[in-house]
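**Student:** Input: one structure, supplied below.
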Amino acid sequence: MPESLPQRIFSRIASLSLSRPGLVLSVAGLCVIASAVTLPRLRVSTSRYGLVSDTNPDQARMLRFFDRFGNPDAPVLVVSGERAEDRRAVVDRLVAGLEAVPELRGRVLARVGPTEVAEVLLLQRPEILSQVTGGLPPDVALAPLVEGGLPAWFGAIEGQLQAGLDGEAAPQDPARAAEGLKQLGGLASTFDRYLAGEDLMRAAMQAQAGEAPVRGRDEAGYIQTVDGKYHIVSVFPEFLGNEVSDFAPLITQIKDIRDEAIAAGPAGVDAALTGLPALAVEEQRLVSRGLVQSSVWSGVAILVLCLVMLRSLRQTVLSLVPLLGGLALTLGFVYWYYGYLNLITSSFVSTLLGLGIDFGVHMMHRFNEQRRAGSDVNSAIRESLMHTGPPILVGALVTVLAFLTTLGSDFTAYAELGVITAVGLGFVVLATLFVLPSLLAVAGKTGLAAVKKEPPLVHRLVGFVARARVPLVALAVLAAIGGGWGLSRIAFNGRYFDFLPRNSESVRALEALEGDPLMSPVYANVAADTVEEARQKTEALRALPEVAGVQTATDLLPPLDATRLEQLRAIEKLGPLPDFAKLAARATTPEELLPKIKAIVDALDEVRFALQQGGQPIEAVDQAQAAFRALRDRLEKAGPDERKRLAAAEPQVADLLARAWTTAKNVATRGSYLPTDLPPLFRTRFVGRDGTGLAMFVVPGVSPWESASAARFRDAVMGVAPDASGLAINIELHSSMIVAGFRRAALWAALLILVVVTLELRSLRDGALALVPTVLGWLWMLGLMAAVGQTFDVANIVSLPLVIGIGTAFGVHFMHRCQESEHHNSHARLDDLVRGTGSAVVLSALTTIASFASLTLSDYGGMKSFGLVMVLGISSCLIASLLVLPALLLMLGRVRMH
């Protein structure tokens, strides 16, 4: 029988390998060595933001936001415990430890108190300026009074009391006078608590506890979840990049500080670290460990399966050589073309191992079949290459086409995975066609290519298929119909946080935050050029039913109406600006302050007597007098700790006054707000890198992971801010893009593969028959997914085109053998298909299944999900190829038993 053109081509390849095996192996070895040199320099990119093309409009908007404001993703510590007081104690320790890290100084937000927001204190309470200007005696200048520190301040209080007693001060309404005495007592009580060891700023806030609480803060100003169950410590570092390697060192340092704070804090309090940087570090740890585990188990499984099916350790090793060589060449290609692997493409190793071994298995099986038929080594090599070369090449081509359909995706990572795996398959095919025959030729001279027995159990399938051909086809069709019905029941889950174990620290903390209307790390980014534009956008966004809350710095800057601006301009009547450095340099002692406190106690005694004589209530003066007497007693008994705190009070107050005074004066002079009027910590979080613009972070009030509700949120937010970006916006867009992209990829894969297979088999009918196992297996996979409740996700949806490509390769091998058997006989023999090609398909499928099954051993849910769906799909295609296609060919009369 004359040879076909493909057979003549592969016969010449065999001639080269048989005549010059040393040359072929030397050239291949040099190429592999050259590629292997690059392996130590190949890095793995762990950036989430590099997975999508920069030209994608949604991605481009987000990157523009990052360029202007920096990456807003922040590590967050979620502090839990029964008692709020215990949680606050741990928060204080955490803040102290974190602030000691140079990169985090001034970048830790755990509460909103005077120290954190000193710049806006007078902007929020501008009436204080009017009270100061109206309350100072005419002969008292403000600057010297402020610079004089605690003795001067308490001396001024005593002077005011005496002026009132002497009739020198303007007469006051009794109610107003009582309120003034109450505030005076509160001042003394706050200062007494500070000397006793309580935080001065916390004491000052609790002195104002009668004011309406702010959502997301407790009575002491500590940040908490809206339900009050957890306290929150947010950290806003300036990461150098978006790689996990940029996050990991600081995340480790934060965890160490957390561990120390928990160990030294009250019992029963815990602090879990979450936020996207912490989640990314946890994800990278699981992915790295999973890749090592899956690669090892995949290699072991392939080795064991080859040993069982090939019945030879030496043939198994020979079959693996082209695979390992192709893998090395592929890694070299990745280094020179991309320079890196990413979170998606790093999984190509297990994929290539599972797919690439198929080529060597088919050739080795045919080699053994020819040897069992009586051919010598060289003839067996030539025959196996001539008859398995074309289907190997076509099978590789259809799989490559399936991978290359991912090029149509805007997800760069999927496109890169497609290219890398396609190139890898090309290298493995070349190594199989040239290197494996050369190895067999060399091995044949040393007796390593002896005749091997037929793989076990395969011969029994022949009779089973012949007897049950009708039920097999009928059941296959019914199962396919059920699978098609199940497709509508398979949802898409875009929540990639579910890939992490539920019991991991970052996930537990995430679940505590994700539903919070203020602290959720899932939000949309919105920008404004001015403070007033940001205020207007905030009001519009908060009015949307799809929005739970908005994180914005405009909450610190009250509307600057005419009344507030006039009150702020009272600062101009206070004379020269005090020298706050003089105040900061003071260190008052108890001996300096005691005379002033005692004078106030005496003056209050006189005020009490005067009120009694006038028949007015004395409760307020009694409370004030009791507070000052307690302060006097503490100063008289002051020990080293009280003295230290007293000496530190004036520098703290100097810092607050300088910051508040400077900002108020600037706003009064300017007549408007600028983003730079915000406190430093809030500038870090909300103001652009160039000092202009304000960022807002919009938390969804609906699920951002469900397509319909996420689309409503996106449309509502973008109706207010068309430039909105970020995770809460992109989730739905990316999910829709992924689903549409891979549906399109699956369709293109099917069409292209049909064309290629039809052209290669030179028959539309045979091309369609080659696709039967793929169609059945694909539909069965969908039915199994629906039955076990498996959803599609960003990891496993790539299986849609891949299963088509891999499954088609099985059908191609069977139809090639059918045509070959027909050429040698008047009809195709079932024995040739099932026992000959079938055993090779079984081994190649099992090795591929083993590679993907190894992914399910990982703790990372994305690898588990992808591995499971691929196992279901390939197993279904194998069963359809091995049982249903031969049964169908029997029913059509294309194949006979003998």
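Residues are referred to by chain and number: the chain letter is A, B, ... according to the order shown in the structure tokens, the number counts from 1 in that chain, and ligands are numbered separately from 1 in the order shown.
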Would you please give, as an MDAnalysis selection string, all residues of stretch 558-721 of chain A that DSSP assigns to helix (DSSP H, G or I) based on the backbone?
**Tutor:** chainID A and resid 562:574 580:584 590:613 619:636 640:670 675:677 680:686 707:720
**Student:** Which residues, written as a ChimeraX atom specification, have at least one atom at most 7 Å from A:Met897, with only C-alpha atoms counted and residues fewer than 2 positions away on the same chain left out?
**Tutor:** /A:829-831,895
**Student:** Take the residues from that selection and write them out as an mmCIF file, in the first residue's frame, keeping N, CA, C and O atoms.
**Tutor:**
```cif
data_model
loop_
_atom_site.group_PDB
_atom_site.id
_atom_site.type_symbol
_atom_site.label_atom_id
_atom_site.label_comp_id
_atom_site.auth_asym_id
_atom_site.auth_seq_id
_atom_site.Cartn_x
_atom_site.Cartn_y
_atom_site.Cartn_z
ATOM 1 N N ARG A 829 -10.903 -3.242 12.579
ATOM 2 C CA ARG A 829 -11.078 -4.275 13.594
ATOM 3 C C ARG A 829 -11.215 -3.628 14.970
ATOM 4 O O ARG A 829 -10.422 -2.760 15.356
ATOM 5 N N LEU A 830 -12.226 -4.068 15.725
ATOM 6 C CA LEU A 830 -12.446 -3.543 17.073
ATOM 7 C C LEU A 830 -11.230 -3.800 17.959
ATOM 8 O O LEU A 830 -10.871 -2.975 18.804
ATOM 9 N N ASP A 831 -10.585 -4.925 17.735
ATOM 10 C CA ASP A 831 -9.408 -5.273 18.528
ATOM 11 C C ASP A 831 -8.294 -4.243 18.344
ATOM 12 O O ASP A 831 -7.612 -3.873 19.298
ATOM 13 N N VAL A 895 -16.697 -0.676 12.083
ATOM 14 C CA VAL A 895 -15.802 -1.545 12.844
ATOM 15 C C VAL A 895 -16.486 -2.889 13.036
ATOM 16 O O VAL A 895 -17.714 -2.953 13.224
#
```
**Student:** Fewer than 2 positions away in the same chain doesn't count, so skip those; otherwise give me all residues within 7 Å of stretch 257-272 of chain A, counting only C-alpha atoms, as JSON, numbers by chain.
**Tutor:** {"A": [77, 78, 79, 80, 81, 86, 87, 89, 90, 93, 94, 97, 98, 253, 254, 255, 274, 505, 506, 509]}
**Student:** Those selected residues, please, written with C-alpha atoms and delivered as an mmCIF file, in the first residue's frame.
**Tutor:**
```cif
data_model
loop_
_atom_site.group_PDB
_atom_site.id
_atom_site.type_symbol
_atom_site.label_atom_id
_atom_site.label_comp_id
_atom_site.auth_asym_id
_atom_site.auth_seq_id
_atom_site.Cartn_x
_atom_site.Cartn_y
_atom_site.Cartn_z
ATOM 1 C CA LEU A 77 -6.104 44.016 62.374
ATOM 2 C CA VAL A 78 -9.481 42.876 63.706
ATOM 3 C CA VAL A 79 -9.385 42.805 67.516
ATOM 4 C CA SER A 80 -11.934 40.558 69.209
ATOM 5 C CA GLY A 81 -12.767 39.934 72.852
ATOM 6 C CA ASP A 86 -9.681 44.756 77.118
ATOM 7 C CA ARG A 87 -9.857 45.217 73.355
ATOM 8 C CA ALA A 89 -5.852 47.833 75.850
ATOM 9 C CA VAL A 90 -4.625 45.510 73.103
ATOM 10 C CA ARG A 93 -0.255 47.983 72.517
ATOM 11 C CA LEU A 94 -0.666 47.329 68.806
ATOM 12 C CA GLY A 97 4.347 48.535 68.437
ATOM 13 C CA LEU A 98 3.358 49.518 64.900
ATOM 14 C CA GLN A 253 6.494 42.147 60.946
ATOM 15 C CA ILE A 254 2.910 43.172 61.716
ATOM 16 C CA LYS A 255 2.103 39.598 62.779
ATOM 17 C CA THR A 274 -6.634 40.628 57.062
ATOM 18 C CA GLU A 505 -6.678 33.866 59.946
ATOM 19 C CA SER A 506 -7.114 36.335 57.097
ATOM 20 C CA ALA A 509 -11.066 38.385 59.949
#
```
**Student:** If DSSP is run on the backbone, what residues of stretch 681-835 of chain A are strand (DSSP E)? A reply as a list of chain:residue names would be ideal.
**Tutor:**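 Here are the strand (DSSP E) residues of stretch 681-835 of chain A: A:Leu694, A:Ala695, A:Met696, A:Phe697, A:Val698, A:Val699, A:Pro700, A:Phe792, A:Asp793, A:Ala828, A:Arg829.
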**Student:** So how many Å separate atom CA of A:Val287 and atom CA of A:Leu341, to one decimal?
**Tutor:**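 These two atoms are separated by 12.8 Å.
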**Student:** When you look at A:Asp246 with a cut-off of 12 Å (counting only C-alpha atoms), what residues show up, excluding the ones that are within fewer than 3 positions of it in the same chain? I need them as a list in words.
**Tutor:**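 Once the adjacent positions are removed, what remains is Ser45, Thr46, Ser47, Pro237, Glu238, Phe239, Leu240, Gly241, Asn242, Glu243, Pro249, Leu250, Ile251, Thr252, Pro277, Ala278, Ala280 and Val281 of chain A.
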**Student:** Only C-alpha atoms, please: the residues just picked out, written as a compact mmCIF listing (two decimals), in the first residue's frame.
**Tutor:**
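Just written: result.txt:
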```
# COMPACT_ATOMS: atom_id res chain seq x y z
CA SER A 45 4.98 37.69 39.65
CA THR A 46 2.35 37.67 42.38
CA SER A 47 0.64 40.95 41.48
CA PRO A 237 2.04 51.63 54.44
CA GLU A 238 3.47 52.85 51.17
CA PHE A 239 4.31 49.62 49.40
CA LEU A 240 6.95 49.81 46.71
CA GLY A 241 4.92 47.67 44.30
CA ASN A 242 2.02 45.26 43.94
CA GLU A 243 3.98 42.03 44.27
CA PRO A 249 8.11 41.35 54.93
CA LEU A 250 5.83 43.97 56.45
CA ILE A 251 2.96 41.51 56.89
CA THR A 252 5.34 39.22 58.81
CA PRO A 277 -2.16 42.52 51.20
CA ALA A 278 -2.51 39.92 53.98
CA ALA A 280 -2.40 38.01 48.93
CA VAL A 281 0.45 36.80 51.15
```
**Student:** For each of A:Arg12, A:Arg366, A:Lys573, A:Lys537, take the minimum atom-to-atom distance to A:Gln131, counting only C-alpha atoms, then give the residue where this is smallest.
**Tutor:**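 With only C-alpha atoms as the atom set, the closest residue is A:Lys573.
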**Student:** Between A:Ala853, A:Ala110, A:Pro521, A:Leu510, which has the minimum distance to A:Val95 (counting only C-alpha atoms)?
**Tutor:**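 Under the stated criterion, the closest residue is A:Ala110.
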**Student:** So the first atom is atom CA of A:Gly228 and the second is atom CA of A:Arg111; what is the distance between them in Å, to one decimal place?
**Tutor:**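 Atom CA of A:Arg111 lies at a distance of 13.7 Å from atom CA of A:Gly228.
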**Student:** Using only C-alpha atoms, determine which residues lie at most 12 Å from A:Ala34, disregarding the query and same-chain residues fewer than 2 positions distant; provide the list as an mmCIF file with N, CA, C and O atoms, in the first residue's frame.
**Tutor:**
```
data_model
loop_
_atom_site.group_PDB
_atom_site.id
_atom_site.type_symbol
_atom_site.label_atom_id
_atom_site.label_comp_id
_atom_site.auth_asym_id
_atom_site.auth_seq_id
_atom_site.Cartn_x
_atom_site.Cartn_y
_atom_site.Cartn_z
ATOM 1 N N VAL A 27 22.205 17.916 19.895
ATOM 2 C CA VAL A 27 21.552 19.212 19.634
ATOM 3 C C VAL A 27 20.457 19.470 20.669
ATOM 4 O O VAL A 27 20.344 20.575 21.236
ATOM 5 N N ALA A 28 19.641 18.444 20.919
ATOM 6 C CA ALA A 28 18.571 18.598 21.904
ATOM 7 C C ALA A 28 19.143 18.885 23.290
ATOM 8 O O ALA A 28 18.636 19.746 24.030
ATOM 9 N N GLY A 29 20.199 18.186 23.660
ATOM 10 C CA GLY A 29 20.810 18.393 24.973
ATOM 11 C C GLY A 29 21.352 19.790 25.138
ATOM 12 O O GLY A 29 21.185 20.410 26.196
ATOM 13 N N LEU A 30 22.017 20.319 24.104
ATOM 14 C CA LEU A 30 22.539 21.686 24.178
ATOM 15 C C LEU A 30 21.412 22.710 24.341
ATOM 16 O O LEU A 30 21.535 23.681 25.113
ATOM 17 N N CYS A 31 20.319 22.506 23.621
ATOM 18 C CA CYS A 31 19.166 23.424 23.756
ATOM 19 C C CYS A 31 18.591 23.393 25.174
ATOM 20 O O CYS A 31 18.260 24.434 25.754
ATOM 21 N N VAL A 32 18.501 22.194 25.716
ATOM 22 C CA VAL A 32 17.952 22.060 27.070
ATOM 23 C C VAL A 32 18.880 22.712 28.079
ATOM 24 O O VAL A 32 18.434 23.430 28.994
ATOM 25 N N ALA A 36 18.047 25.668 30.613
ATOM 26 C CA ALA A 36 18.135 25.417 32.051
ATOM 27 C C ALA A 36 18.943 26.486 32.765
ATOM 28 O O ALA A 36 18.716 26.767 33.946
ATOM 29 N N VAL A 37 19.890 27.117 32.046
ATOM 30 C CA VAL A 37 20.716 28.168 32.656
ATOM 31 C C VAL A 37 19.863 29.336 33.133
ATOM 32 O O VAL A 37 20.187 30.021 34.106
ATOM 33 N N THR A 38 18.737 29.574 32.454
ATOM 34 C CA THR A 38 17.885 30.732 32.801
ATOM 35 C C THR A 38 16.972 30.462 33.991
ATOM 36 O O THR A 38 16.380 31.406 34.530
ATOM 37 N N LEU A 39 16.829 29.211 34.416
ATOM 38 C CA LEU A 39 15.829 28.877 35.434
ATOM 39 C C LEU A 39 16.024 29.622 36.751
ATOM 40 O O LEU A 39 15.043 30.098 37.340
ATOM 41 N N GLY A 325 12.583 17.460 28.921
ATOM 42 C CA GLY A 325 13.303 18.366 28.038
ATOM 43 C C GLY A 325 12.413 19.482 27.520
ATOM 44 O O GLY A 325 12.814 20.654 27.474
ATOM 45 N N ALA A 328 11.858 22.059 30.256
ATOM 46 C CA ALA A 328 13.001 22.963 30.416
ATOM 47 C C ALA A 328 13.021 24.016 29.303
ATOM 48 O O ALA A 328 13.267 25.209 29.557
ATOM 49 N N LEU A 329 12.763 23.595 28.072
ATOM 50 C CA LEU A 329 12.729 24.542 26.954
ATOM 51 C C LEU A 329 11.609 25.563 27.129
ATOM 52 O O LEU A 329 11.779 26.750 26.802
ATOM 53 N N THR A 330 10.484 25.114 27.650
ATOM 54 C CA THR A 330 9.351 26.031 27.855
ATOM 55 C C THR A 330 9.688 27.085 28.905
ATOM 56 O O THR A 330 9.366 28.273 28.732
ATOM 57 N N LEU A 331 10.335 26.673 29.990
ATOM 58 C CA LEU A 331 10.727 27.637 31.021
ATOM 59 C C LEU A 331 11.723 28.647 30.459
ATOM 60 O O LEU A 331 11.696 29.832 30.815
ATOM 61 N N GLY A 332 12.611 28.182 29.579
ATOM 62 C CA GLY A 332 13.518 29.115 28.921
ATOM 63 C C GLY A 332 12.764 30.111 28.054
ATOM 64 O O GLY A 332 13.077 31.307 28.048
ATOM 65 N N PHE A 333 11.767 29.619 27.323
ATOM 66 C CA PHE A 333 10.930 30.523 26.511
ATOM 67 C C PHE A 333 10.246 31.563 27.397
ATOM 68 O O PHE A 333 10.201 32.750 27.050
ATOM 69 N N TYR A 335 11.191 32.748 30.220
ATOM 70 C CA TYR A 335 12.164 33.734 30.703
ATOM 71 C C TYR A 335 12.464 34.780 29.630
ATOM 72 O O TYR A 335 12.466 35.981 29.895
ATOM 73 N N TRP A 336 12.709 34.322 28.411
ATOM 74 C CA TRP A 336 13.117 35.263 27.368
ATOM 75 C C TRP A 336 11.946 36.066 26.807
ATOM 76 O O TRP A 336 12.120 37.227 26.408
#
```
**Student:** If we count only C-alpha atoms, what is near stretch 730-742 of chain A at a cut-off of 8 Å, once residues fewer than 3 positions away on the same chain are taken out, given as an mmCIF file with C-alpha atoms, in the first residue's frame?
**Tutor:**
```cif
data_model
loop_
_atom_site.group_PDB
_atom_site.id
_atom_site.type_symbol
_atom_site.label_atom_id
_atom_site.label_comp_id
_atom_site.auth_asym_id
_atom_site.auth_seq_id
_atom_site.Cartn_x
_atom_site.Cartn_y
_atom_site.Cartn_z
ATOM 1 C CA ASP A 58 -11.892 49.272 33.773
ATOM 2 C CA GLN A 59 -8.333 48.274 34.594
ATOM 3 C CA THR A 406 -7.569 32.291 25.552
ATOM 4 C CA GLY A 408 -9.123 36.650 23.043
ATOM 5 C CA SER A 409 -9.436 37.307 26.782
ATOM 6 C CA ASP A 410 -8.665 40.703 28.327
ATOM 7 C CA PHE A 411 -7.242 38.731 31.221
ATOM 8 C CA PHE A 492 -20.485 31.425 38.252
ATOM 9 C CA GLY A 494 -16.544 35.282 41.150
ATOM 10 C CA PRO A 704 -20.701 42.572 45.139
ATOM 11 C CA TRP A 705 -20.242 38.893 44.230
ATOM 12 C CA GLU A 706 -23.703 38.294 42.757
ATOM 13 C CA SER A 707 -23.926 39.473 39.187
ATOM 14 C CA ALA A 710 -23.125 43.930 41.685
ATOM 15 C CA ALA A 711 -24.281 45.409 38.369
ATOM 16 C CA SER A 725 -12.965 51.894 39.868
ATOM 17 C CA GLY A 726 -11.691 49.268 42.274
ATOM 18 C CA LEU A 727 -12.577 45.796 43.462
ATOM 19 C CA ALA A 745 -13.159 30.521 23.529
ATOM 20 C CA ALA A 746 -14.998 27.206 23.810
ATOM 21 C CA VAL A 794 -12.157 32.283 37.841
ATOM 22 C CA ILE A 797 -13.657 28.165 33.822
ATOM 23 C CA VAL A 798 -10.536 27.769 31.697
ATOM 24 C CA LEU A 800 -14.270 24.876 28.999
ATOM 25 C CA PRO A 801 -11.951 25.103 25.961
#
```
**Student:** Neighbours of A:Gly444 within 12 Å (only C-alpha atoms; same-chain residues fewer than 5 positions away dropped), as a list in words?
**Tutor:** Leu18, Pro21, Arg314, Gln315, Leu318, Phe367, Arg371, Asp376, Val377, Asn378, Ser379, Ala380, Ile381, Leu436, Pro437, Ser438, Leu439, Ala449, Ala450 and Val451 of chain A
**Student:** What does the file look like for those residues with N, CA, C and O atoms, as a PDB file, in the first residue's frame?
**Tutor:**
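Heads up, here's the output in result-v1.pdb:
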```
ATOM      1  N   LEU A  18      17.299   7.425  13.303  1.00  0.00           N
ATOM      2  CA  LEU A  18      17.942   6.112  13.281  1.00  0.00           C
ATOM      3  C   LEU A  18      19.374   6.188  12.762  1.00  0.00           C
ATOM      4  O   LEU A  18      20.248   5.435  13.210  1.00  0.00           O
ATOM      5  N   PRO A  21      21.442   9.276  15.633  1.00  0.00           N
ATOM      6  CA  PRO A  21      20.846   9.515  16.952  1.00  0.00           C
ATOM      7  C   PRO A  21      21.735  10.384  17.847  1.00  0.00           C
ATOM      8  O   PRO A  21      21.239  11.193  18.638  1.00  0.00           O
ATOM      9  N   ARG A 314      12.666   1.149  32.471  1.00  0.00           N
ATOM     10  CA  ARG A 314      13.528   1.812  31.496  1.00  0.00           C
ATOM     11  C   ARG A 314      12.716   2.503  30.400  1.00  0.00           C
ATOM     12  O   ARG A 314      13.042   3.617  29.981  1.00  0.00           O
ATOM     13  N   GLN A 315      11.632   1.869  29.955  1.00  0.00           N
ATOM     14  CA  GLN A 315      10.781   2.531  28.956  1.00  0.00           C
ATOM     15  C   GLN A 315      10.065   3.741  29.570  1.00  0.00           C
ATOM     16  O   GLN A 315       9.826   4.745  28.893  1.00  0.00           O
ATOM     17  N   LEU A 318      12.540   6.507  29.496  1.00  0.00           N
ATOM     18  CA  LEU A 318      12.674   7.008  28.124  1.00  0.00           C
ATOM     19  C   LEU A 318      11.487   7.886  27.731  1.00  0.00           C
ATOM     20  O   LEU A 318      11.645   8.911  27.061  1.00  0.00           O
ATOM     21  N   PHE A 367       5.253   1.314  19.545  1.00  0.00           N
ATOM     22  CA  PHE A 367       6.538   0.626  19.429  1.00  0.00           C
ATOM     23  C   PHE A 367       6.441  -0.790  19.995  1.00  0.00           C
ATOM     24  O   PHE A 367       6.880  -1.761  19.367  1.00  0.00           O
ATOM     25  N   ARG A 371       6.679  -4.430  18.153  1.00  0.00           N
ATOM     26  CA  ARG A 371       7.655  -5.446  18.596  1.00  0.00           C
ATOM     27  C   ARG A 371       6.959  -6.773  18.887  1.00  0.00           C
ATOM     28  O   ARG A 371       7.490  -7.841  18.566  1.00  0.00           O
ATOM     29  N   ASP A 376      11.661  -5.807  14.091  1.00  0.00           N
ATOM     30  CA  ASP A 376      12.899  -5.532  14.824  1.00  0.00           C
ATOM     31  C   ASP A 376      12.844  -4.104  15.378  1.00  0.00           C
ATOM     32  O   ASP A 376      11.897  -3.358  15.103  1.00  0.00           O
ATOM     33  N   VAL A 377      13.867  -3.720  16.124  1.00  0.00           N
ATOM     34  CA  VAL A 377      13.836  -2.426  16.821  1.00  0.00           C
ATOM     35  C   VAL A 377      13.713  -1.268  15.849  1.00  0.00           C
ATOM     36  O   VAL A 377      12.842  -0.393  15.999  1.00  0.00           O
ATOM     37  N   ASN A 378      14.581  -1.230  14.823  1.00  0.00           N
ATOM     38  CA  ASN A 378      14.551  -0.095  13.900  1.00  0.00           C
ATOM     39  C   ASN A 378      13.235  -0.020  13.131  1.00  0.00           C
ATOM     40  O   ASN A 378      12.671   1.058  12.915  1.00  0.00           O
ATOM     41  N   SER A 379      12.723  -1.173  12.702  1.00  0.00           N
ATOM     42  CA  SER A 379      11.444  -1.182  11.983  1.00  0.00           C
ATOM     43  C   SER A 379      10.304  -0.742  12.907  1.00  0.00           C
ATOM     44  O   SER A 379       9.395  -0.021  12.479  1.00  0.00           O
ATOM     45  N   ALA A 380      10.354  -1.191  14.148  1.00  0.00           N
ATOM     46  CA  ALA A 380       9.316  -0.805  15.104  1.00  0.00           C
ATOM     47  C   ALA A 380       9.333   0.698  15.349  1.00  0.00           C
ATOM     48  O   ALA A 380       8.286   1.344  15.466  1.00  0.00           O
ATOM     49  N   ILE A 381      10.543   1.264  15.423  1.00  0.00           N
ATOM     50  CA  ILE A 381      10.656   2.720  15.616  1.00  0.00           C
ATOM     51  C   ILE A 381      10.060   3.442  14.416  1.00  0.00           C
ATOM     52  O   ILE A 381       9.281   4.396  14.557  1.00  0.00           O
ATOM     53  N   LEU A 436      12.804  10.930  21.237  1.00  0.00           N
ATOM     54  CA  LEU A 436      12.416   9.597  21.696  1.00  0.00           C
ATOM     55  C   LEU A 436      12.835   8.500  20.709  1.00  0.00           C
ATOM     56  O   LEU A 436      13.388   7.471  21.144  1.00  0.00           O
ATOM     57  N   PRO A 437      12.634   8.662  19.385  1.00  0.00           N
ATOM     58  CA  PRO A 437      13.138   7.630  18.463  1.00  0.00           C
ATOM     59  C   PRO A 437      14.653   7.453  18.567  1.00  0.00           C
ATOM     60  O   PRO A 437      15.159   6.328  18.478  1.00  0.00           O
ATOM     61  N   SER A 438      15.384   8.566  18.758  1.00  0.00           N
ATOM     62  CA  SER A 438      16.837   8.465  18.899  1.00  0.00           C
ATOM     63  C   SER A 438      17.205   7.703  20.159  1.00  0.00           C
ATOM     64  O   SER A 438      18.137   6.883  20.170  1.00  0.00           O
ATOM     65  N   LEU A 439      16.497   7.968  21.244  1.00  0.00           N
ATOM     66  CA  LEU A 439      16.761   7.244  22.488  1.00  0.00           C
ATOM     67  C   LEU A 439      16.472   5.754  22.321  1.00  0.00           C
ATOM     68  O   LEU A 439      17.230   4.895  22.797  1.00  0.00           O
ATOM     69  N   ALA A 449      15.289  -2.097  24.688  1.00  0.00           N
ATOM     70  CA  ALA A 449      13.985  -1.984  24.023  1.00  0.00           C
ATOM     71  C   ALA A 449      13.416  -3.359  23.745  1.00  0.00           C
ATOM     72  O   ALA A 449      12.942  -3.659  22.658  1.00  0.00           O
ATOM     73  N   ALA A 450      13.467  -4.212  24.750  1.00  0.00           N
ATOM     74  CA  ALA A 450      12.942  -5.569  24.578  1.00  0.00           C
ATOM     75  C   ALA A 450      11.430  -5.543  24.437  1.00  0.00           C
ATOM     76  O   ALA A 450      10.767  -4.558  24.746  1.00  0.00           O
ATOM     77  N   VAL A 451      10.847  -6.675  23.959  1.00  0.00           N
ATOM     78  CA  VAL A 451       9.400  -6.784  23.777  1.00  0.00           C
ATOM     79  C   VAL A 451       8.717  -6.750  25.140  1.00  0.00           C
ATOM     80  O   VAL A 451       9.124  -7.447  26.068  1.00  0.00           O
TER      81      VAL A 451
END
```
**Student:** Have a look at atom CA of A:Val717 and atom CA of A:Ile729 and let me know their distance in Å, one decimal.
**Tutor:**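 About the pair atom CA of A:Val717 and atom CA of A:Ile729: they are 8.6 Å apart.
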